[in-house]
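To keep things clear, I will list the structure first and then write my remarks on it.
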Amino acid sequence: MGLSDKKGTSSMVDLKSLVQKKLEEMGARFCKEIDQGMFPTVRMKSRSTSNIFYSQKHRQYILGDRTVTRSSRNIAHLRPFTQLVWTAYFVHELLRQKKTSTLRDVYYSAQAYDIFFKDQSESDNIITDLETTIEHPRESFNVFPEERSAVFGDLTIQYTVPGYEGQRMNLSSHPDGVMIGPALTDARFIETSADKVIVIEKGAMFTRFVEERVYENFNAILIYTAGQAPRSTRYFIRRLNRELGLPVYIFSDADPWGMHIAMVIISGSANAAHLRELTTPDAKWAGVWASDIIDYDLPSERLNERDLKRLKELKTDPRYEDKHWQKQIDIFMKIKKKCELEAFSRYGLTHIVDKYLPERLKELGA
Amino acid sequence: MAILYGQITTNKPVTAISSTGNSRIVEYRLMIDIEKNRPIILDRKIHANFRSKRKRWRGTVVEIHLRGSYVQAMPKVLEYLKQTAMVNPYANIIFVDPRGRLYKFDRTVDRMPPPPKEINPHPHGVDVETIQRIIRSTGEKTMLGFMQRHFHRVGEKTAKDFLKKAGIPEDIDPKNLRPEEIVDLVEKMREYDGFLPPEADCLSPLGEDLLRAGVLKELEPEFVAVHQRKPSAYSGHPFIVEVAIAYGGKVPAKDDVLLYRFANKIPLVYDESGDVCWKIVRSINWRRYNVTPSMPFAVIIHVCSTKIPYKTLGKEILADQPEVSREILNGIREVARQLARYLSRKERVKRQVRRLTVFSRYLPKIAQFSAELAGRKAPPNIDKLYRRKQVFRDFLTGNEYVDSEIFDSRLYNVVFVHIRNKHKENAAVVRVLGLVDSKWEVLIPESALTSGSEMYETLRGGYEAIKVQAKSLKPDRESLLDAYVDGISQ
């Protein structure tokens with residue numbers, strides 16, 4: 001399947017130049033205010049829990065209308081304000097020089113500019129402030145997560161990063177998969193034969209799926225999240241879904257934590273309520289469901305106190321309103337059992353691929 | 001006590017020489033008849049004083065020999081002298097100890113508290129023994145005259161009313177009272193509530209100024225608050241409580257409150273824990289005053305009375321006399337409040353200084369990075385928002401006011417002035433002036449800035465310029481100042 005839709009493929013590149021412009025405008029505004037004898041201020045949406053709402057329309061958490069103003073006139077704001085201006089400057093430099101960085105790297109870089117963060121959580125928080133202010137995720141200003149997940153499948157991409165511009169690569173060229181890092185996040189999608197995306201939480205299963213040629217037999221692009229999916233991976237899944245129109249199926253452990261890994265890919269987290277580009281509302285949680293433990297007679301363990309407490313929380317979470325999710329939570333609570341993706345191995349190494357996967361995909365209409 | 005102790009350990013007489021500055025100097029050599037509690041005069045000499053009034057010697061010399069273990073007593077002896085110096089700041093104390101070491105406690109003031117006036121006993125405070133003694137020596141022939149002549153604050157009207165209520169005829173001769181009638185008289189005097197309270201001019205308190213001087217001299221604190229309670233009385237005995245609190249400086253930090261007790265200017269150095277003062281100090285919730293017992297502060301309590309309510313014969317600890325205890329407690333509360341105010345002000349100054357440091361530290365960075373973001377070559381000038389200027393730098397004060405550099409304050413609607421005296425000893429006098437309509441107006445009037453202290457003031461309003469003036473507090477005692485003016489707009 002060839003791709004000709006130029007608008008979609010270059011979205012990240014466009015976004016970056018937009019962000020760069022926004023940062024420059026912010027700096028210019030501060031300069032003007034200082035010239036006029038005014039203390040610069042910055043306004044952003046409040047991220048306090050009382051201003052986070054679940055939006056049915058966006059199928060994710062969003063911020064309400066309340067805003068907060070940071071003023072350099074206010075002693076209590078002065079330090080975070082300075083940190084924000086520096087961070088804006090720093091990421092602008094990253095964009096300008098087409099370099100990338102990580103949260104940790106930003107934290108350490110500050111020291112070279114005599115900007116002091118007392119710990120990384122303070123600098124992470126300032127980066128979130130900057131995301132809120134310019135209303136785009138940090139990946140758009142080249143700050144990427146530390147954790148790396150992987151992708152495997154027939155998808156040809158074209159790099160846009162310096163030194164590789166124009167180079168193409170097929171993501172099935174390496175059996176361990178290709179790391180979803182900054183270069184892949186920014187790459188253009190050129191061509192794919194796949195008609196679906198399968199997201200897997202566990203590394204062992206990902207490897208099994210590659211070995212058993214699931215990508216070929218099921219026409220799928222495989223993604224390994226390594227637990228909770230990093231933001232760049234969530235962004236990548238969204239792009240596959242939006243730009244290539246591929247349906248997304250998520251496989252995670254049958255327990256409240258596994259469920260939530262799927263949910264965060266679908267509906268995002270409350271922490272990212274200020275962002276709109278990290279969710280894939282149409283993605284489907286394909287298993288392992290609580291009902292599968294019974295239906296497939298899977299080896300299981302008892303749910304512990306923490307698991308049960310977490311289930312209770314999820315039960316009332318607005319993201320879990322859907323009937324299917326509610327039903328699975330109820331079954332978990334009733335059977336008080338959980339199991340891992342690997343549990344299928346009880347019936348032989350290829351059981352999950354030979355039996356479970358085709359049945360489930362069929363059930364979900366794929 | 002000292003004479004007695006000297007006699008029983010060395011059996012040597014005491015020599016006392018004294019003159020009030022008249023033509024005679026009297027010298028006695030005495031021992032005590034311990035059984036009869038009477039002096040035995042061994043020798044009595046009268047020396048002629050100088051003719052010239054100006055040269056005449058006045059004073060008292062008492063010479064005692066005593067035996068004791070100095071090694072053991074040394075810390076207490078020195079402590080006793082130090083504390084004596086604390087409540088006698090007008091005295092020069094010189095001590096040469098048995099090892100030949102010289103200790104000096106120099107006076108820092110040359111003024112003494114007014115000497116006490118002699119008074120009659122108050123009727124509430126006498127016992128049977130005292131009445132008997134007065135009756136033996138009185139020349140009064142009637143009870144009416146007796147009451148007026150020998151008792152404090154008893155006039156004709158009070159005397160008549162008392163005798164009437166007590167059922168004692170006015171005209172009987174006090175010498176005719178039978179022993180049981182004397183006992184009855186004492187009881188009636190105690191019960192009668194028409195006597196005026198005793199006056200305190202028979203007492204010799206230090207006064208707030210002298211107490212402060214003494215505490216400053218011996219403890220060298222950073223801060224001292226003193227308070228003299230109003231005169232009061234218990235059982236007919238007038239008393240005055242004086243309290244001081246000293247904080248910081250050379251005051252040592254102990255695990256517990258450092259307490260100094262004095263009775264009629266005599267240090268009480270033994271059995272602290274049995275004293276009511278200790279009980280009171282411990283009962284106070286110091287946290288309410290922003291202090292913890294482990295902070296470097298000392299409480300000084302001076303009880304001044306015609307009869308100190310000692311708990312024991314040793315005269316080392318005060319008993320819990322409710323009237324006295326109440327005054328002690330209220331006195332401590334008052335100075336503790338002053339300390340709390342001082343500490344919170346100090347904290348505020350520190351915070352303000354820190355706040356301003358934040359402006360000077362961060363605003364230039366905001367300007368710099370904003371300029372980089374905007375692609376501007378030079379950062380915008382932040383002087384319009386905030387400016388700090390050091391107007392005095394290591395400035396040595398003189399005897400007359402000297403101007404600091406001038407701070408142009410036209411752009412700013414809030415101005416902070418911060419002055420610090422860095423000198424180790426000497427105080428300065430400073431004031432702050434503002435320029436309005438080309439005239440300098442005093443904004444902060446003359447205030448003293450003691451050594452090591454800081455002043456911090458916030459000014460509002462449209463002055464064209466601000467300057468500081470400073471001079472030495474005492475002539476030829478230069479102090480060393482730094483002064484900063486900060487302006488903030490909006």
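As shown in the structure tokens, the chain order sets the letters A, B, ...; within each chain, residues go from 1, and ligands are also counted from 1 in the order they appear.
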
Practice problem: Could you list, as a list in words, the residues of chain B having an atom within 7 Å of chain A when counting only C-alpha atoms? | Solution: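 That gives Arg355, Tyr362, Lys365, Ile366, Ala367, Phe369, Ser370, Ala371, Glu372, Leu373, Ala374, Pro380, Asn381, Ile382, Lys384 and Leu385 of chain B for chain B.
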
Self-check item: Per-residue DSSP, stretch 85-138 of chain B, filtered to alpha helix (DSSP H), as a VMD selection string
Solution: chain B and resid 85 to 87 128 to 137

Quiz prompt | Near-stretch 311-315 of chain B list (9 Å; only C-alpha atoms; drop same-chain fewer than 3 positions) as a list in words | solution =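 In the requested format, the answer is Leu268, Gly274, Asp275, Ile308, Leu318, Ala319 and Asp320 of chain B.
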
Quiz item: Restricting the calculation to only C-alpha atoms, which member of B:Lys265, B:His227, B:Arg44, B:Arg111 is positioned closest to B:Leu81?
Solution: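 That would be B:Lys265, the residue with the smallest distance to B:Leu81.
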
Quiz item: Which polymer residues have any atom within 12 Å of an atom of stretch 468-483 of chain B, counting only C-alpha atoms, with same-chain residues fewer than 6 positions away left out, as a ChimeraX atom specification?
Solution: /B:388-407,416-435,440-457

Quiz item: What is the atom CA of B:Val62-atom CA of B:Ile17 distance in Å, reported with one decimal?
Solution: 6.5 Å
